[in-house]
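K.L.:
Before we start, here is the structure in question, set down as structure tokens.
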Amino acid sequence: MSVRTRFAPSPTGFLHVGGLRTALYNYLLARQQFGTYILRIEDTDRERFVPGAVESLLRMFERVNLLPDEGPRLADGIVTQTGDVGPYVQSERLPIYAEYAKQLLGAGAAYACFCSSERLDGLRKQQEIAKLSTKYDRHCLNLPAEEVLRRLAVNEPHVLRLRVPEGETSFRDEIRGTITINNAEVDDQVLMKSDGFPTYHMAVVVDDHLMKITHVIRGEEWISSTPKHVILYRLFGWDAPLFAHLPLLLNPDKSKLSKRQGDVAVEDYLAKGYLPEALVNFVALLGFNPKADQEIYAIDELIELFDLTKINKSGAVFDQAKLNWMNGQYIMRKTATELVALVRPFLDAAGKTVDAALLEKICTIEKTRMERLTDIVAIVDAYVSVPTFDPAILVWKKADAADSRANLVGIRDHLSTVDETVWSEIAMVESSIKAYIEAKGLSNGNVLWPTRVALSGRAASPSPFELAWALGKDETMRRLASAIVEI
Ligand code: GLU
């Protein structure tokens, strides 16, 4: 049987980083097993529906390059669908659920419930006061059959509830092992709402069956719903898929990662200058690491090494510092030309114009120090105009102001005699400066420190050779001269 996985988001807003991880794991398993990865939109909760959310989800999946084999896609901004067992948007499948609901009703596995929300609220309150588990009391299951028919005939508003059978329900979770629950603890779940829409529980089971899903990989928050789903599979006479419930994502203080504690939307991370491939790599390791001594994985490696059974049971801490480091690793691996294209939109947004040739040089020498693409906005300032800085930092820790000044004068005099062609390569600038230091019998630190600070205005920066190369001869001379005046 070929593997079929799915990611089934509800379009209630943005794609959460936890959702990205769920989607990714489903995608990895499908790719590894030469199977099919499906995207299904679960939009049956009309109250929570957010217009534009589907488009935004699809756009995010395009950005992170996790495209489904079947399901909705964006073509020129319009939602279209691919695949044979769709539609993949639940609100377009209502007759299907109605049909299966009828089947359950006919078999006595579901029943109509006419209880008002006031009655249900009152019941819940009573149960809470009595410290009982809050469950429907089957009031409508005990109504005489003729009364039910009569009330249905006049279209009295009602829902359809699952009639949970007696006994126990067991299922195997690929991450947590076998889970068994006494059916007495399971509520008679509403399957069809009074507006004719199915609930999540009904729709998810029908769709996973009809879409021939073999593995349901989803967040831990759904684990308590799974017995209801397994009961439904049994009542329908269908085989249940394999289940894997992923550990929660936690803040470093072990609280649940939530919107309140900062941005958790993939969109926000991209806007903050994280690269899609770094985010994917990072979320892949939330709860799973195939090798103890490796953190950077290309998507093909993740596909090869993915193993559901190796996912941790305990919550995965979302470590922002690690994400920053990892993003820096990905930035470092870009060519300067690639990086120019990536950082340009951030500069545009900040209203900064930087000449293309200069920006390429800046990217060449600064990419090892960047953690986020947005870092470029502050970085370019020092290249575009002479930075203001405290002249005290021109003095190397093993020297004094007089020494630093003398060395700045020396290097300025030397560089003023050097041909402009030397500026065409970092290595040529470097050998020229190093040859000067050696010929004069000077020490590297005494010369290179003040030179570097004079050119960058920063205590930590790329090397003076890189800076001189990026700035060009004229600007290099100008900055050295002004540092000599300042010190
Ligand atoms: N629609 C559910 C959600 O929003 C999907 C849960 C599942 O994967 O079964 O997360």
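By convention here, the chains of the structure tokens are called A, B, ... in the order presented, each chain's residues are numbered starting at 1, and ligands are numbered starting at 1 in the order presented.
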Do you know which residues are at most 12 Å from Ile296 (chain A) counting only C-alpha atoms, after dropping those on the same chain fewer than 5 positions away, and could you put them as a PyMOL selection string?
P.N.:
chain A and resi 277-285+289-291+301-302+322-323+325-330+333
K.L.:
Let me have all residues with an atom within 9 Å of ligand 1, counting only C-alpha atoms and all ligand atoms, laid out as a tab-separated table (two decimals) with C-alpha atoms, in the first residue's frame.
P.N.:
```
chain	number	residue	atom	x	y	z
A	6	ARG	CA	-1.77	14.78	4.83
A	7	PHE	CA	-1.52	18.13	6.50
A	8	ALA	CA	-4.99	19.36	7.38
A	9	PRO	CA	-4.93	22.95	8.60
A	10	SER	CA	-7.97	24.96	9.59
A	11	PRO	CA	-7.86	28.35	7.88
A	12	THR	CA	-8.13	30.34	11.08
A	19	GLY	CA	2.04	23.69	11.72
A	22	THR	CA	3.60	18.97	11.14
A	40	ARG	CA	-6.55	19.41	2.95
A	41	ILE	CA	-8.30	22.53	4.17
A	42	GLU	CA	-10.50	21.85	7.21
A	43	ASP	CA	-12.86	24.78	7.13
A	44	THR	CA	-16.03	23.34	8.63
A	200	TYR	CA	-13.96	18.17	12.72
A	201	HIS	CA	-14.23	14.61	14.11
A	204	VAL	CA	-11.51	14.07	9.51
A	205	VAL	CA	-12.42	10.39	9.67
A	208	ASP	CA	-8.81	10.35	5.85
A	216	VAL	CA	-2.01	10.62	10.40
A	217	ILE	CA	0.81	12.75	11.75
A	218	ARG	CA	-0.49	15.68	13.80
A	219	GLY	CA	0.02	17.68	16.95
A	221	GLU	CA	-3.36	18.29	21.11
A	222	TRP	CA	-5.37	15.85	19.00
A	225	SER	CA	-9.70	13.04	20.06
A	226	THR	CA	-8.19	9.93	18.54
```
K.L.:
I'd like to know which of A:Val154, A:Val164, A:Leu342, A:Ala30 is closest to Ala109 (chain A), using only C-alpha atoms.
P.N.:
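Using only C-alpha atoms, Ala109 (chain A) sits closest to A:Val164.
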K.L.:
Hey, what does DSSP flag as strand (DSSP E or B) within region 197-279 of chain A? Can you give it to me as a list of chain:residue names?
P.N.:
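Going through region 197-279 of chain A, the strand (DSSP E or B) residues come out as A:Pro198, A:His215, A:Val216, A:Ile217, A:Arg218, A:Gly219, A:Leu242, A:Phe243, A:Ala244, A:His245, A:Leu246, A:Leu249, A:Leu250, A:Lys256, A:Ala265.
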K.L.:
Identify, with DSSP run on backbone atoms, the residues in region 120-265 of chain A assigned to alpha helix (DSSP H), and express the list as an NGL selection string.
P.N.:
:A and (120-129 or 145-153 or 200-210 or 226-236)
K.L.:
Go through A:Cys140, A:Val447, A:Val384, A:Ala53 one by one, measure the shortest atom-to-atom distance of each to Lys398 (chain A) using only C-alpha atoms, and give the residue with the smallest value.
P.N.:
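Using only C-alpha atoms, Lys398 (chain A) sits closest to A:Val447.
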K.L.:
Can you tell me, as a count of residues only, what residues are no more than 12 Å from Ala341 (chain A) when counting only C-alpha atoms, ignoring any on the same chain fewer than 5 positions away?
P.N.:
12
K.L.:
So which residues touch Met192 (chain A) within 6 Å, counting only C-alpha atoms, skipping near sequence neighbours fewer than 5 positions away, as JSON, numbers by chain?
P.N.:
{"A": [159, 160, 197, 198, 199]}
K.L.:
Restricting it to C-alpha atoms, dump the selection as a compact mmCIF listing (two decimals), in the first residue's frame.
P.N.:
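The new file result.txt reads:
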```txt
# COMPACT_ATOMS: atom_id res chain seq x y z
CA VAL A 159 -27.35 17.83 15.82
CA LEU A 160 -26.24 14.27 15.22
CA PHE A 197 -21.80 21.10 8.59
CA PRO A 198 -19.87 18.16 9.98
CA THR A 199 -17.69 18.63 13.03
```
K.L.:
Determine, counting only C-alpha atoms, which protein, DNA and RNA residues have an atom within 7 Å of an atom of Leu408 (chain A); residues of the same chain fewer than 5 positions away are not included. Present the result as a list in words.
P.N.:
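Residues meeting the cut-off are Val447, Pro450, Thr451, Leu480 and Ile484 of chain A.
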K.L.:
Just the residues within 7 Å of region 174-186 of chain A, please, counting only C-alpha atoms, with nothing from its chain fewer than 6 positions along; format it as a list of chain:residue names.
P.N.:
A:Val164, A:Pro165, A:Glu166, A:Gly167, A:Glu168, A:Phe243, A:Ala244, A:His245, A:Leu308, A:Thr309, A:Ile311, A:Lys313
K.L.:
Quick one: write out the picked residues with N, CA and C atoms as a PDB file, in the first residue's frame?
P.N.:
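Result went into part_16.pdb, see below:
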```
ATOM      1  N   VAL A 164     -21.521   6.353  21.399  1.00  0.00           N
ATOM      2  CA  VAL A 164     -20.279   5.645  21.747  1.00  0.00           C
ATOM      3  C   VAL A 164     -20.626   4.265  22.301  1.00  0.00           C
ATOM      4  N   PRO A 165     -20.117   3.224  21.667  1.00  0.00           N
ATOM      5  CA  PRO A 165     -20.447   1.886  22.154  1.00  0.00           C
ATOM      6  C   PRO A 165     -19.738   1.573  23.470  1.00  0.00           C
ATOM      7  N   GLU A 166     -20.180   0.544  24.151  1.00  0.00           N
ATOM      8  CA  GLU A 166     -19.505   0.158  25.401  1.00  0.00           C
ATOM      9  C   GLU A 166     -18.190  -0.531  25.078  1.00  0.00           C
ATOM     10  N   GLY A 167     -17.357  -0.644  26.057  1.00  0.00           N
ATOM     11  CA  GLY A 167     -16.100  -1.381  25.863  1.00  0.00           C
ATOM     12  C   GLY A 167     -14.893  -0.471  25.949  1.00  0.00           C
ATOM     13  N   GLU A 168     -13.832  -0.899  25.300  1.00  0.00           N
ATOM     14  CA  GLU A 168     -12.579  -0.144  25.354  1.00  0.00           C
ATOM     15  C   GLU A 168     -12.115   0.181  23.941  1.00  0.00           C
ATOM     16  N   PHE A 243      -1.294   6.303  13.541  1.00  0.00           N
ATOM     17  CA  PHE A 243      -1.301   7.645  14.140  1.00  0.00           C
ATOM     18  C   PHE A 243       0.073   7.980  14.715  1.00  0.00           C
ATOM     19  N   ALA A 244       0.455   9.238  14.620  1.00  0.00           N
ATOM     20  CA  ALA A 244       1.669   9.720  15.288  1.00  0.00           C
ATOM     21  C   ALA A 244       1.373  11.129  15.766  1.00  0.00           C
ATOM     22  N   HIS A 245       1.430  11.319  17.076  1.00  0.00           N
ATOM     23  CA  HIS A 245       1.142  12.639  17.652  1.00  0.00           C
ATOM     24  C   HIS A 245       2.441  13.308  18.084  1.00  0.00           C
ATOM     25  N   LEU A 308       9.738   8.253  12.006  1.00  0.00           N
ATOM     26  CA  LEU A 308       8.661   8.582  12.954  1.00  0.00           C
ATOM     27  C   LEU A 308       8.922   8.014  14.335  1.00  0.00           C
ATOM     28  N   THR A 309       9.474   6.816  14.380  1.00  0.00           N
ATOM     29  CA  THR A 309       9.614   6.137  15.675  1.00  0.00           C
ATOM     30  C   THR A 309      10.713   6.776  16.526  1.00  0.00           C
ATOM     31  N   ILE A 311      10.956  10.063  17.003  1.00  0.00           N
ATOM     32  CA  ILE A 311      10.515  11.377  17.504  1.00  0.00           C
ATOM     33  C   ILE A 311      10.330  11.296  19.023  1.00  0.00           C
ATOM     34  N   LYS A 313       8.982  11.946  22.778  1.00  0.00           N
ATOM     35  CA  LYS A 313       7.639  12.098  23.363  1.00  0.00           C
ATOM     36  C   LYS A 313       7.509  13.442  24.066  1.00  0.00           C
TER      37      LYS A 313
END
```
K.L.:
Neighbours of Asn407 (chain A) within 12 Å (only C-alpha atoms; same-chain residues fewer than 6 positions away dropped), as number ranges by chain?
P.N.:
A: 394-396, 399-401, 413-414, 433, 436-437, 440-452, 454, 480-481, 483-484, 487
K.L.:
Would you save the residues of that selection, restricted to N, CA and C atoms, as a JSON list (two decimals), in the first residue's frame?
P.N.:
```
[["chain", "number", "residue", "atom", "x", "y", "z"],
["A", 394, "LEU", "N", 39.83, 53.22, 18.60],
["A", 394, "LEU", "CA", 40.91, 53.09, 17.62],
["A", 394, "LEU", "C", 42.19, 52.53, 18.26],
["A", 395, "VAL", "N", 42.22, 52.64, 19.57],
["A", 395, "VAL", "CA", 43.46, 52.24, 20.27],
["A", 395, "VAL", "C", 43.41, 50.76, 20.62],
["A", 396, "TRP", "N", 44.41, 50.06, 20.12],
["A", 396, "TRP", "CA", 44.48, 48.62, 20.39],
["A", 396, "TRP", "C", 44.81, 48.39, 21.86],
["A", 399, "ALA", "N", 48.35, 48.72, 22.95],
["A", 399, "ALA", "CA", 49.09, 49.91, 22.49],
["A", 399, "ALA", "C", 48.49, 51.17, 23.11],
["A", 400, "ASP", "N", 49.03, 52.32, 22.74],
["A", 400, "ASP", "CA", 48.42, 53.57, 23.22],
["A", 400, "ASP", "C", 48.04, 54.45, 22.04],
["A", 401, "ALA", "N", 47.45, 55.61, 22.34],
["A", 401, "ALA", "CA", 46.94, 56.46, 21.26],
["A", 401, "ALA", "C", 48.05, 56.91, 20.32],
["A", 413, "ASP", "N", 50.17, 56.43, 4.53],
["A", 413, "ASP", "CA", 51.24, 56.82, 3.60],
["A", 413, "ASP", "C", 51.56, 55.66, 2.65],
["A", 414, "HIS", "N", 51.56, 54.45, 3.23],
["A", 414, "HIS", "CA", 51.86, 53.30, 2.38],
["A", 414, "HIS", "C", 50.78, 53.13, 1.31],
["A", 433, "ILE", "N", 49.37, 45.11, 2.42],
["A", 433, "ILE", "CA", 49.45, 45.61, 3.80],
["A", 433, "ILE", "C", 50.42, 44.75, 4.63],
["A", 436, "TYR", "N", 53.97, 45.50, 3.85],
["A", 436, "TYR", "CA", 54.36, 46.76, 4.48],
["A", 436, "TYR", "C", 54.72, 46.52, 5.96],
["A", 437, "ILE", "N", 53.87, 45.78, 6.67],
["A", 437, "ILE", "CA", 54.11, 45.52, 8.11],
["A", 437, "ILE", "C", 55.45, 44.80, 8.29],
["A", 440, "LYS", "N", 58.55, 46.97, 7.56],
["A", 440, "LYS", "CA", 58.82, 47.96, 8.61],
["A", 440, "LYS", "C", 59.11, 47.31, 9.95],
["A", 441, "GLY", "N", 59.02, 45.99, 10.02],
["A", 441, "GLY", "CA", 59.25, 45.29, 11.28],
["A", 441, "GLY", "C", 58.19, 45.61, 12.33],
["A", 442, "LEU", "N", 56.97, 45.86, 11.90],
["A", 442, "LEU", "CA", 55.89, 46.19, 12.85],
["A", 442, "LEU", "C", 55.13, 44.94, 13.26],
["A", 443, "SER", "N", 54.26, 45.10, 14.26],
["A", 443, "SER", "CA", 53.45, 43.92, 14.63],
["A", 443, "SER", "C", 52.04, 44.09, 14.04],
["A", 444, "ASN", "N", 51.44, 42.95, 13.69],
["A", 444, "ASN", "CA", 50.12, 42.97, 13.06],
["A", 444, "ASN", "C", 49.10, 43.77, 13.86],
["A", 445, "GLY", "N", 48.99, 43.44, 15.15],
["A", 445, "GLY", "CA", 47.94, 44.05, 15.97],
["A", 445, "GLY", "C", 48.02, 45.57, 16.00],
["A", 446, "ASN", "N", 49.25, 46.09, 16.14],
["A", 446, "ASN", "CA", 49.42, 47.54, 16.24],
["A", 446, "ASN", "C", 48.95, 48.27, 15.00],
["A", 447, "VAL", "N", 49.07, 47.62, 13.86],
["A", 447, "VAL", "CA", 48.68, 48.27, 12.60],
["A", 447, "VAL", "C", 47.23, 47.91, 12.24],
["A", 448, "LEU", "N", 46.94, 46.62, 12.33],
["A", 448, "LEU", "CA", 45.65, 46.16, 11.79],
["A", 448, "LEU", "C", 44.46, 46.62, 12.62],
["A", 449, "TRP", "N", 44.64, 46.65, 13.93],
["A", 449, "TRP", "CA", 43.50, 47.07, 14.78],
["A", 449, "TRP", "C", 43.03, 48.49, 14.44],
["A", 450, "PRO", "N", 43.93, 49.48, 14.55],
["A", 450, "PRO", "CA", 43.42, 50.85, 14.27],
["A", 450, "PRO", "C", 42.95, 51.01, 12.81],
["A", 451, "THR", "N", 43.58, 50.29, 11.91],
["A", 451, "THR", "CA", 43.18, 50.41, 10.49],
["A", 451, "THR", "C", 41.76, 49.89, 10.33],
["A", 452, "ARG", "N", 41.52, 48.76, 10.94],
["A", 452, "ARG", "CA", 40.21, 48.13, 10.82],
["A", 452, "ARG", "C", 39.13, 49.03, 11.44],
["A", 454, "ALA", "N", 39.31, 52.23, 11.95],
["A", 454, "ALA", "CA", 39.20, 53.47, 11.16],
["A", 454, "ALA", "C", 38.28, 53.25, 9.96],
["A", 480, "LEU", "N", 40.93, 56.80, 6.66],
["A", 480, "LEU", "CA", 42.18, 56.78, 7.44],
["A", 480, "LEU", "C", 42.53, 58.20, 7.85],
["A", 481, "ALA", "N", 42.37, 59.11, 6.91],
["A", 481, "ALA", "CA", 42.71, 60.51, 7.21],
["A", 481, "ALA", "C", 41.84, 61.05, 8.34],
["A", 483, "ALA", "N", 40.37, 59.38, 10.70],
["A", 483, "ALA", "CA", 40.71, 58.74, 11.98],
["A", 483, "ALA", "C", 41.97, 59.38, 12.57],
["A", 484, "ILE", "N", 42.89, 59.72, 11.70],
["A", 484, "ILE", "CA", 44.14, 60.35, 12.19],
["A", 484, "ILE", "C", 43.82, 61.69, 12.87],
["A", 487, "ILE", "N", 41.94, 60.80, 16.43],
["A", 487, "ILE", "CA", 42.55, 60.03, 17.54],
["A", 487, "ILE", "C", 43.38, 60.94, 18.47]]
```
